[in-house]
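Below is one structure; the comments refer to it alone.
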Amino acid sequence: MFVHGAGGGGWEWAIWARVFAAAGIEVAAPDLRPAAAGLVGTTLADYSAQVSTWVEAVPAPRVLVGASLGGLLAAMNSDQANALVLVNPIPPGGLPPAPARPQVVPWGRTACLAGTRRALPGADDAAALFAFRRWRDESGRVLDQARAGVGMAVPAVPVLLLVSEADRDVPAQASLALAQAWGATAWTVPGGHVDPLLGRDAPRLAQQTLAWLTSPGRGPGNADVSNTA
């Protein structure tokens, strides 16, 4: 089950989904939906409940793969999974304080190709154009709640974190600290915040993740920080 990040959609996982499906794994990458009240009234709990419903609908064993906000949502539902793969996740402990977001963050309405290219330094022009055409507006309330942090127990399942070295949204140090605290495996990878999903290295990273998922001896308490560049 793939969970996308803020302002995105299941389309972010197109490359990973193809790699996993080619290995015979059933995959799903739904879009998070606003609450009935619209984006203005949508909360982090609303999104988490959607993820819970998605996961309940698929048979075990289940792997939750989440990126950015989706990584936090995956971690919040770790009790329903057999393993977690988190790509530059917003840490449960939150991020440094920042000015409150507007009620609706107009990422879809204000997206530009140049800005998308800056967000995807490791992607080619076709991938940047693909993403630029698909960004959507997001709930400012959700983003503020995620930044403030949520209380949750350490996941009791194997966890892999992919940590982008040039991430300007979730600092690499924050992800590495989370991996250390959870006894998780962490790989540092080149590129920016979304590059592991849509950059040139995305197919390779998906294949390496599959190899990790099928390797014996993966579990909490076995911290392993390495560089896959």
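Within each chain, counting starts at residue 1; across the structure tokens, chains are named A, B, ... in the order shown, with ligands numbered 1 upward in that order.
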
Contact check, segment 34-88 of chain A to segment 14-18 of chain A, at most 12 Å, counting only C-alpha atoms, closest pairs as CSV:
residue,atom,partner,partner_atom,distance
A:Val65,CA,A:Trp16,CA,9.9
A:Gly66,CA,A:Trp16,CA,11.4
A:Ala67,CA,A:Trp16,CA,11.8
A:Val85,CA,A:Trp16,CA,11.9
A:Val87,CA,A:Trp16,CA,12.0

List as an MDAnalysis selection string the protein and nucleic acid residues near Thr116 of chain A, meaning an atom at most 7 Å away when only C-alpha atoms are counted, but skip any in the same chain fewer than 4 places from it.
chainID A and resid 112 120 128 132

One decimal, Å: what's the distance from atom CA of Ala174 of chain A over to atom CA of Thr53 of chain A, could you say?
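A separation of 28.8 Å between them.
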
Please provide as number ranges by chain all residues within 8 Å of segment 201-207 of chain A, with the sequence filter that same-chain residues fewer than 3 positions apart are discarded (counting only C-alpha atoms).
A: 15-16, 19-20, 122, 195-198, 210-211

Just-selected residues, N, CA, C and O atoms written as an mmCIF file, in the first residue's frame:
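File produced: part.cif:
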data_model
loop_
_atom_site.group_PDB
_atom_site.id
_atom_site.type_symbol
_atom_site.label_atom_id
_atom_site.label_comp_id
_atom_site.auth_asym_id
_atom_site.auth_seq_id
_atom_site.Cartn_x
_atom_site.Cartn_y
_atom_site.Cartn_z
ATOM 1 N N ILE A 15 6.376 4.724 -10.660
ATOM 2 C CA ILE A 15 7.587 3.941 -10.933
ATOM 3 C C ILE A 15 7.700 2.788 -9.954
ATOM 4 O O ILE A 15 7.925 1.629 -10.334
ATOM 5 N N TRP A 16 7.540 3.082 -8.666
ATOM 6 C CA TRP A 16 7.644 2.038 -7.651
ATOM 7 C C TRP A 16 6.570 0.974 -7.846
ATOM 8 O O TRP A 16 6.832 -0.222 -7.693
ATOM 9 N N VAL A 19 7.570 -1.483 -10.497
ATOM 10 C CA VAL A 19 8.632 -2.393 -10.049
ATOM 11 C C VAL A 19 8.070 -3.468 -9.125
ATOM 12 O O VAL A 19 8.368 -4.661 -9.271
ATOM 13 N N PHE A 20 7.239 -3.067 -8.173
ATOM 14 C CA PHE A 20 6.660 -4.039 -7.237
ATOM 15 C C PHE A 20 5.719 -5.000 -7.975
ATOM 16 O O PHE A 20 5.730 -6.210 -7.714
ATOM 17 N N GLY A 122 16.991 15.561 -9.183
ATOM 18 C CA GLY A 122 17.491 14.313 -9.746
ATOM 19 C C GLY A 122 16.597 13.702 -10.794
ATOM 20 O O GLY A 122 16.809 12.554 -11.207
ATOM 21 N N ASP A 195 12.771 13.095 -5.052
ATOM 22 C CA ASP A 195 13.590 12.363 -6.023
ATOM 23 C C ASP A 195 13.533 10.848 -5.872
ATOM 24 O O ASP A 195 13.551 10.133 -6.883
ATOM 25 N N PRO A 196 13.469 10.276 -4.651
ATOM 26 C CA PRO A 196 13.416 8.806 -4.573
ATOM 27 C C PRO A 196 12.203 8.206 -5.286
ATOM 28 O O PRO A 196 12.234 7.037 -5.674
ATOM 29 N N LEU A 197 11.153 8.998 -5.470
ATOM 30 C CA LEU A 197 9.943 8.498 -6.125
ATOM 31 C C LEU A 197 9.963 8.728 -7.625
ATOM 32 O O LEU A 197 9.512 7.872 -8.399
ATOM 33 N N LEU A 198 10.472 9.895 -8.061
ATOM 34 C CA LEU A 198 10.334 10.298 -9.460
ATOM 35 C C LEU A 198 11.651 10.583 -10.157
ATOM 36 O O LEU A 198 11.665 10.866 -11.354
ATOM 37 N N LEU A 210 12.727 -3.706 -2.483
ATOM 38 C CA LEU A 210 12.175 -5.050 -2.595
ATOM 39 C C LEU A 210 13.143 -6.083 -2.037
ATOM 40 O O LEU A 210 12.738 -7.016 -1.320
ATOM 41 N N ALA A 211 14.433 -5.932 -2.342
ATOM 42 C CA ALA A 211 15.425 -6.862 -1.823
ATOM 43 C C ALA A 211 15.483 -6.801 -0.297
ATOM 44 O O ALA A 211 15.611 -7.832 0.380
#

Just asking: which residues within segment 18-202 of chain A are strand (DSSP E or B) according to DSSP, as a PyMOL selection string?
chain A and resi 63-67+83-87+104-105+138-139+159-164+185-189

Which residues are close to Val40 of chain A, i.e. within 7 Å by only C-alpha atoms, leaving aside same-chain residues fewer than 2 positions away? Reply as a PyMOL selection string.
chain A and resi 37-38+42+103-104+139

Store the residues of this selection in a file with C-alpha atoms, as a PDB file, in the first residue's frame.
ATOM      1  CA  ALA A  37     -16.172  19.790   4.701  1.00  0.00           C
ATOM      2  CA  GLY A  38     -13.484  20.183   2.043  1.00  0.00           C
ATOM      3  CA  THR A  42      -9.699  18.213   6.670  1.00  0.00           C
ATOM      4  CA  GLN A 103      -6.465  27.138   5.276  1.00  0.00           C
ATOM      5  CA  VAL A 104      -5.902  25.829   1.771  1.00  0.00           C
ATOM      6  CA  SER A 139      -5.089  21.359   3.675  1.00  0.00           C
TER       7      SER A 139
END

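In this structure, atom CA of Gly94 of chain A sits 26.8 Å away from atom CA of Arg109 of chain A.
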
Find the residues near segment 188-191 of chain A: any atom within 10 Å, counting only C-alpha atoms, skip ones fewer than 2 places away on the same chain, and give them as a count of residues only.
30

Using atom CA of Glu138 of chain A and atom CA of Gly7 of chain A as the two end points, give the distance in Å to one decimal.
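Interatomic distance here is 5.2 Å.
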
Could you list, as a PyMOL selection string, every residue within 6 Å of Gly9 of chain A, counting only C-alpha atoms and ignoring same-chain residues fewer than 3 positions away?
chain A and resi 4+12+31

Could you please write out, as an MDAnalysis selection string, every residue of segment 46-134 of chain A that DSSP assigns to helix (DSSP H, G or I)?
chainID A and resid 46:56 69:76 78:80 107:110 113:119 125:132

Limited to N, CA and C atoms, could you put the picked residues into a file as a short mmCIF file (atom, residue, chain, number, x, y, z; two decimals), in the first residue's frame?
data_model
loop_
_atom_site.label_atom_id
_atom_site.label_comp_id
_atom_site.auth_asym_id
_atom_site.auth_seq_id
_atom_site.Cartn_x
_atom_site.Cartn_y
_atom_site.Cartn_z
N ASP A 46 -8.32 12.65 9.73
CA ASP A 46 -9.14 12.24 8.58
C ASP A 46 -8.29 11.43 7.60
N TYR A 47 -7.12 11.93 7.29
CA TYR A 47 -6.24 11.22 6.36
C TYR A 47 -5.80 9.88 6.95
N SER A 48 -5.46 9.86 8.23
CA SER A 48 -5.03 8.61 8.86
C SER A 48 -6.14 7.57 8.82
N ALA A 49 -7.37 8.00 9.02
CA ALA A 49 -8.50 7.07 8.97
C ALA A 49 -8.65 6.48 7.57
N GLN A 50 -8.39 7.29 6.54
CA GLN A 50 -8.46 6.77 5.18
C GLN A 50 -7.42 5.68 4.97
N VAL A 51 -6.20 5.94 5.43
CA VAL A 51 -5.14 4.95 5.28
C VAL A 51 -5.50 3.67 6.01
N SER A 52 -6.05 3.79 7.21
CA SER A 52 -6.47 2.62 7.97
C SER A 52 -7.48 1.79 7.19
N THR A 53 -8.44 2.46 6.57
CA THR A 53 -9.46 1.76 5.78
C THR A 53 -8.85 1.07 4.58
N TRP A 54 -7.91 1.75 3.90
CA TRP A 54 -7.24 1.13 2.76
C TRP A 54 -6.55 -0.16 3.17
N VAL A 55 -5.78 -0.09 4.26
CA VAL A 55 -4.96 -1.23 4.67
C VAL A 55 -5.85 -2.40 5.09
N GLU A 56 -6.93 -2.10 5.78
CA GLU A 56 -7.83 -3.16 6.22
C GLU A 56 -8.42 -3.93 5.04
N LEU A 69 4.46 13.43 4.08
CA LEU A 69 3.27 13.31 4.90
C LEU A 69 2.75 11.88 4.89
N GLY A 70 2.84 11.22 3.73
CA GLY A 70 2.42 9.83 3.63
C GLY A 70 3.25 8.91 4.50
N GLY A 71 4.52 9.26 4.72
CA GLY A 71 5.35 8.48 5.62
C GLY A 71 4.86 8.56 7.06
N LEU A 72 4.47 9.77 7.47
CA LEU A 72 3.90 9.93 8.81
C LEU A 72 2.60 9.14 8.93
N LEU A 73 1.74 9.23 7.92
CA LEU A 73 0.47 8.52 7.95
C LEU A 73 0.70 7.01 7.99
N ALA A 74 1.69 6.52 7.25
CA ALA A 74 2.01 5.09 7.30
C ALA A 74 2.45 4.69 8.70
N ALA A 75 3.32 5.49 9.30
CA ALA A 75 3.79 5.18 10.65
C ALA A 75 2.65 5.19 11.66
N MET A 76 1.70 6.10 11.48
CA MET A 76 0.55 6.16 12.39
C MET A 76 -0.33 4.92 12.31
N SER A 78 1.04 1.76 11.64
CA SER A 78 1.99 0.65 11.59
C SER A 78 1.45 -0.62 12.23
N ASP A 79 0.48 -0.48 13.14
CA ASP A 79 -0.08 -1.67 13.79
C ASP A 79 -0.84 -2.56 12.83
N GLN A 80 -1.15 -2.05 11.63
CA GLN A 80 -1.87 -2.84 10.64
C GLN A 80 -0.95 -3.39 9.56
N TRP A 107 -1.04 24.79 -3.81
CA TRP A 107 0.05 24.21 -4.59
C TRP A 107 -0.39 23.86 -6.00
N GLY A 108 -1.60 23.38 -6.16
CA GLY A 108 -2.06 23.05 -7.50
C GLY A 108 -2.25 24.28 -8.36
N ARG A 109 -2.83 25.33 -7.76
CA ARG A 109 -3.14 26.54 -8.52
C ARG A 109 -1.90 27.37 -8.84
N THR A 110 -0.88 27.27 -8.00
CA THR A 110 0.31 28.12 -8.19
C THR A 110 1.52 27.34 -8.67
N LEU A 113 6.53 24.97 -13.55
CA LEU A 113 7.47 23.94 -13.97
C LEU A 113 8.86 24.20 -13.37
N ALA A 114 9.26 25.46 -13.30
CA ALA A 114 10.58 25.77 -12.74
C ALA A 114 10.67 25.34 -11.28
N GLY A 115 9.60 25.59 -10.52
CA GLY A 115 9.60 25.19 -9.12
C GLY A 115 9.61 23.68 -8.97
N THR A 116 8.91 22.99 -9.86
CA THR A 116 8.91 21.53 -9.82
C THR A 116 10.29 20.99 -10.12
N ARG A 117 10.97 21.60 -11.07
CA ARG A 117 12.34 21.15 -11.37
C ARG A 117 13.26 21.36 -10.17
N ARG A 118 13.08 22.45 -9.45
CA ARG A 118 13.90 22.69 -8.25
C ARG A 118 13.62 21.64 -7.18
N ALA A 119 12.36 21.19 -7.10
CA ALA A 119 11.99 20.18 -6.11
C ALA A 119 12.47 18.78 -6.50
N ASP A 125 13.53 15.91 -17.47
CA ASP A 125 12.49 16.89 -17.81
C ASP A 125 11.11 16.25 -17.91
N ALA A 126 11.05 15.02 -18.40
CA ALA A 126 9.75 14.36 -18.56
C ALA A 126 9.10 14.10 -17.21
N ALA A 127 9.90 13.67 -16.22
CA ALA A 127 9.36 13.42 -14.89
C ALA A 127 8.91 14.72 -14.23
N ALA A 128 9.69 15.79 -14.42
CA ALA A 128 9.31 17.08 -13.85
C ALA A 128 7.99 17.57 -14.46
N LEU A 129 7.83 17.41 -15.75
CA LEU A 129 6.59 17.82 -16.41
C LEU A 129 5.42 16.97 -15.93
N PHE A 130 5.65 15.67 -15.77
CA PHE A 130 4.63 14.76 -15.27
C PHE A 130 4.12 15.22 -13.90
N ALA A 131 5.06 15.57 -13.01
CA ALA A 131 4.67 16.01 -11.67
C ALA A 131 4.00 17.39 -11.70
N PHE A 132 4.56 18.30 -12.47
CA PHE A 132 4.03 19.67 -12.54
C PHE A 132 2.54 19.68 -12.90
#

Taking into account only C-alpha atoms, which residue in the set A:Leu44, A:Pro61, A:Val27, A:Pro106 is nearest to Trp135 of chain A?
A:Pro106

Which of these residues is nearest to Leu64 of chain A, using only C-alpha atoms: A:Pro216, A:Pro97, A:Gly192, A:Pro158?
A:Pro158
